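K.L.:
I have a structure here, written as structure tokens, and I will follow up with some questions on it.
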Amino acid sequence: MKNTAITVRPMSAYTGAEIFDVDLREPLEEQAYLEIRQAINDWGAVFFRAQNLTPAQQLAFARRFGTAEEDTHVSNMTGVDGLPEVKEVTKEADDLRNIGGFWHMDQSFYDLPSSFSVLYARELPPNGGDTMFSHLSAAYDSLSPGLQKTLEGLSGVHVRAHADSSGINSAASGLSFEYYVESVARFAGMEATHPLVAMHPESGRKVLYFSPVYTDRFEGWTRDESLPLMKYLTGVLGKPEHTCRFRWEEGSMAMWDNRAVVHYALDDYTGHRRMMHRVTVNGPWLERC
Ligand SMILES: [Fe+2]
């Protein structure tokens with residue numbers, strides 16, 4: 001297959017598209033690359049079926065879209081096949097902790113978060129383990145002009161340690177309180193401030209750059225002051241019309257734009273193992289409006 005006529009099939013009104021008629025083992029010709037790039041700009045996330053990739057081939061595909069990140073600093077995910085950029089993301093059958101089981105964009109607690117994430121399925125549970133996506137431009141566009149204007153003046157403080165918490169002084173589902181306390185200490189100070197409304201550098205659309213978990217508060221506001229508005233925005237992100245749900249199969253690969261969508265790894269397959277390979281790349285970041 002020469003990847004000269006790919007097919008793009010949207011999955012919902014705003015979010016996600018499946019791409020067919022492409023074999024990612026082959027180097028992407030320029031036209032196919034541009035069409036995939038356009039699809040991800042239009043839909044925030046794209047999905048490929050029935051691929052049969054080595055870690056090196058997955059990495060080569062990801063590198064068309066930016067510089068692959070090694071990011072061994074905060075992660076316990078190790079490189080695969082001697083490729084530090086290809087991380088193994090595993091949930092064991094007896095693991096109670098679910099990685100990424102909340103609406104988030106990858107690495108938003110860094111000043112320069114990942115632009116794209118490329119996730120390839122290696123081992124899947126018999127059912128469950130889907131990933132959901134919600135488009136940050138659909139969320140922004142759905143707000144009233146008055147609220148849009150108010151939010152454009154705000155910034156969100158994104159805090160790494162919140163991934164392991166479920167509110168003040170409490171551990172996230174499946175974690176011990178001791179693990180939570182250790183996590184808060186380990187990731188103390190790992191946070192970044194980003195505009196709450198920003199312009200996507202490629203699509204030119206405005207996005208609501210908000211994660212209900214990583215966003216601790218609005219800059220200059222207390223957490224208590226921030227929570228009521230954050231609760232409202234959480235409902236906007238989670239509105240079913242703004243989302244799509246991807247069901248993984250053997251050979252599935254997803255690529256999403258962390259500047260355009262949030263994602264949510266469903267925690268519904270306890271007792272089964274799930275193993276994925278992830279590559280993240282960085283590129284031009286969001287622009288303040
Ligand atoms: Fe994630």
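We label chains A, B, ... in the order they appear in the structure tokens, count residues from 1 in each chain, and number ligands from 1 in the order shown.
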May I ask you to write as number ranges by chain all residues lying at most 7 Å from ligand 1, with only C-alpha atoms and all ligand atoms counted?
P.N.:
A: 100, 104-106, 263
K.L.:
Show which residues sit within 6 Å of segment 264-274 of chain A, as an MDAnalysis selection string. Count only C-alpha atoms, and ignore same-chain residues fewer than 6 positions away.
P.N.:
chainID A and resid 90:94 98 100:103 123:125 128:132
K.L.:
Go ahead and write the residues just picked, N, CA, C and O atoms, as a PDB file, in the first residue's frame.
P.N.:
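Listed below is the output, out-v9.pdb:
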ATOM      1  N   THR A  90       1.449   0.265  31.256  1.00  0.00           N
ATOM      2  CA  THR A  90       0.847  -1.024  31.593  1.00  0.00           C
ATOM      3  C   THR A  90      -0.014  -0.918  32.837  1.00  0.00           C
ATOM      4  O   THR A  90       0.360  -0.272  33.817  1.00  0.00           O
ATOM      5  N   LYS A  91      -1.163  -1.561  32.779  1.00  0.00           N
ATOM      6  CA  LYS A  91      -1.967  -1.769  33.989  1.00  0.00           C
ATOM      7  C   LYS A  91      -2.091  -3.279  34.153  1.00  0.00           C
ATOM      8  O   LYS A  91      -2.636  -3.975  33.281  1.00  0.00           O
ATOM      9  N   GLU A  92      -1.534  -3.783  35.245  1.00  0.00           N
ATOM     10  CA  GLU A  92      -1.571  -5.223  35.496  1.00  0.00           C
ATOM     11  C   GLU A  92      -2.962  -5.647  35.989  1.00  0.00           C
ATOM     12  O   GLU A  92      -3.743  -4.819  36.456  1.00  0.00           O
ATOM     13  N   ALA A  93      -3.209  -6.948  35.911  1.00  0.00           N
ATOM     14  CA  ALA A  93      -4.535  -7.465  36.279  1.00  0.00           C
ATOM     15  C   ALA A  93      -4.917  -7.116  37.721  1.00  0.00           C
ATOM     16  O   ALA A  93      -6.087  -6.882  38.024  1.00  0.00           O
ATOM     17  N   ASP A  94      -3.900  -7.104  38.596  1.00  0.00           N
ATOM     18  CA  ASP A  94      -4.215  -6.831  39.999  1.00  0.00           C
ATOM     19  C   ASP A  94      -3.931  -5.380  40.387  1.00  0.00           C
ATOM     20  O   ASP A  94      -3.947  -5.033  41.561  1.00  0.00           O
ATOM     21  N   ASN A  98      -5.494   3.243  38.041  1.00  0.00           N
ATOM     22  CA  ASN A  98      -5.744   3.422  36.616  1.00  0.00           C
ATOM     23  C   ASN A  98      -5.055   4.706  36.159  1.00  0.00           C
ATOM     24  O   ASN A  98      -5.375   5.786  36.633  1.00  0.00           O
ATOM     25  N   GLY A 100      -4.404   7.851  34.127  1.00  0.00           N
ATOM     26  CA  GLY A 100      -5.127   8.750  33.209  1.00  0.00           C
ATOM     27  C   GLY A 100      -6.632   8.595  33.242  1.00  0.00           C
ATOM     28  O   GLY A 100      -7.303   8.919  32.263  1.00  0.00           O
ATOM     29  N   GLY A 101      -7.180   8.121  34.372  1.00  0.00           N
ATOM     30  CA  GLY A 101      -8.625   7.925  34.476  1.00  0.00           C
ATOM     31  C   GLY A 101      -9.362   9.189  34.873  1.00  0.00           C
ATOM     32  O   GLY A 101     -10.131   9.185  35.837  1.00  0.00           O
ATOM     33  N   PHE A 102      -9.099  10.252  34.162  1.00  0.00           N
ATOM     34  CA  PHE A 102      -9.791  11.527  34.388  1.00  0.00           C
ATOM     35  C   PHE A 102      -9.538  12.391  33.152  1.00  0.00           C
ATOM     36  O   PHE A 102      -8.596  12.150  32.392  1.00  0.00           O
ATOM     37  N   TRP A 103     -10.355  13.392  32.947  1.00  0.00           N
ATOM     38  CA  TRP A 103     -10.164  14.262  31.776  1.00  0.00           C
ATOM     39  C   TRP A 103      -8.864  15.033  31.934  1.00  0.00           C
ATOM     40  O   TRP A 103      -8.686  15.768  32.904  1.00  0.00           O
ATOM     41  N   GLU A 123      -1.483  -5.090  24.306  1.00  0.00           N
ATOM     42  CA  GLU A 123      -2.279  -6.145  24.957  1.00  0.00           C
ATOM     43  C   GLU A 123      -3.534  -5.493  25.515  1.00  0.00           C
ATOM     44  O   GLU A 123      -3.436  -4.482  26.220  1.00  0.00           O
ATOM     45  N   LEU A 124      -4.678  -6.081  25.239  1.00  0.00           N
ATOM     46  CA  LEU A 124      -5.945  -5.456  25.635  1.00  0.00           C
ATOM     47  C   LEU A 124      -6.774  -6.400  26.492  1.00  0.00           C
ATOM     48  O   LEU A 124      -6.690  -7.623  26.345  1.00  0.00           O
ATOM     49  N   PRO A 125      -7.603  -5.844  27.371  1.00  0.00           N
ATOM     50  CA  PRO A 125      -8.565  -6.680  28.095  1.00  0.00           C
ATOM     51  C   PRO A 125      -9.637  -7.166  27.112  1.00  0.00           C
ATOM     52  O   PRO A 125      -9.792  -6.582  26.034  1.00  0.00           O
ATOM     53  N   GLY A 128     -13.822  -3.458  27.714  1.00  0.00           N
ATOM     54  CA  GLY A 128     -13.478  -2.331  28.579  1.00  0.00           C
ATOM     55  C   GLY A 128     -12.148  -1.722  28.168  1.00  0.00           C
ATOM     56  O   GLY A 128     -11.516  -2.155  27.200  1.00  0.00           O
ATOM     57  N   GLY A 129     -11.722  -0.697  28.915  1.00  0.00           N
ATOM     58  CA  GLY A 129     -10.444  -0.040  28.613  1.00  0.00           C
ATOM     59  C   GLY A 129     -10.531   0.949  27.472  1.00  0.00           C
ATOM     60  O   GLY A 129      -9.503   1.331  26.898  1.00  0.00           O
ATOM     61  N   ASP A 130     -11.735   1.382  27.105  1.00  0.00           N
ATOM     62  CA  ASP A 130     -11.876   2.388  26.048  1.00  0.00           C
ATOM     63  C   ASP A 130     -11.247   3.710  26.495  1.00  0.00           C
ATOM     64  O   ASP A 130     -11.026   3.936  27.689  1.00  0.00           O
ATOM     65  N   THR A 131     -10.997   4.585  25.542  1.00  0.00           N
ATOM     66  CA  THR A 131     -10.533   5.939  25.847  1.00  0.00           C
ATOM     67  C   THR A 131     -11.519   6.936  25.255  1.00  0.00           C
ATOM     68  O   THR A 131     -11.965   6.772  24.110  1.00  0.00           O
ATOM     69  N   MET A 132     -11.870   7.951  26.062  1.00  0.00           N
ATOM     70  CA  MET A 132     -12.785   8.993  25.591  1.00  0.00           C
ATOM     71  C   MET A 132     -12.007  10.284  25.332  1.00  0.00           C
ATOM     72  O   MET A 132     -10.965  10.526  25.947  1.00  0.00           O
TER      73      MET A 132
END
K.L.:
I'd like the interatomic distance between atom CA of Asp257 of chain A and atom CA of Asn41 of chain A, to a tenth of an Å.
P.N.:
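Here the two named atoms are 8.1 Å from each other.
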K.L.:
Pick out the closest residue to Asp21 of chain A from this set: A:Trp221, A:Tyr140, A:Phe47, A:Trp248. Count only C-alpha atoms.
P.N.:
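The closest residue to Asp21 of chain A is A:Phe47.
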K.L.:
Write down as a PyMOL selection string the residues belonging to segment 65-260 of chain A that are assigned helix (DSSP H, G or I) by DSSP computed on the backbone.
P.N.:
chain A and resi 136-141+145-152+160-164+177-186+223-237+240-242
K.L.:
Grab the atom CA of Phe48 of chain A to atom CA of Gly66 of chain A distance for me, in Å with one decimal place.
P.N.:
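Interatomic distance, atom CA of Phe48 of chain A to atom CA of Gly66 of chain A: 19.0 Å.
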K.L.:
Tell me which protein, DNA and RNA residues are within 10 Å of Ala60 of chain A, counting only C-alpha atoms, leaving out same-chain ones fewer than 4 positions away, and put them as an MDAnalysis selection string.
P.N.:
chainID A and resid 24:28 54:56 64:65 68
K.L.:
Could you name the residues that touch Leu143 of chain A at 12 Å or less, counting only C-alpha atoms, but leaving out those on the same chain fewer than 2 positions away, as a PyMOL selection string?
P.N.:
chain A and resi 136-141+145-152+197+206-208+232-233+235-237
K.L.:
For Asp216 of chain A, which of A:Leu175, A:Val159, A:Ala192, A:Val184 is the closest residue, counting only C-alpha atoms?
P.N.:
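Under the stated criterion, the closest residue is A:Val159.
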K.L.:
Which residues, written as a VMD selection string, have at least one atom at most 6 Å from segment 238-243 of chain A, with only C-alpha atoms counted and residues fewer than 3 positions away on the same chain left out?
P.N.:
chain A and resid 15 133 to 134 235
K.L.:
Please determine, counting only C-alpha atoms, which residue among A:Phe210, A:Phe116, A:Trp256, A:Phe61 has the shortest atom-to-atom distance to Ala17 of chain A.
P.N.:
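Using only C-alpha atoms, Ala17 of chain A sits closest to A:Trp256.
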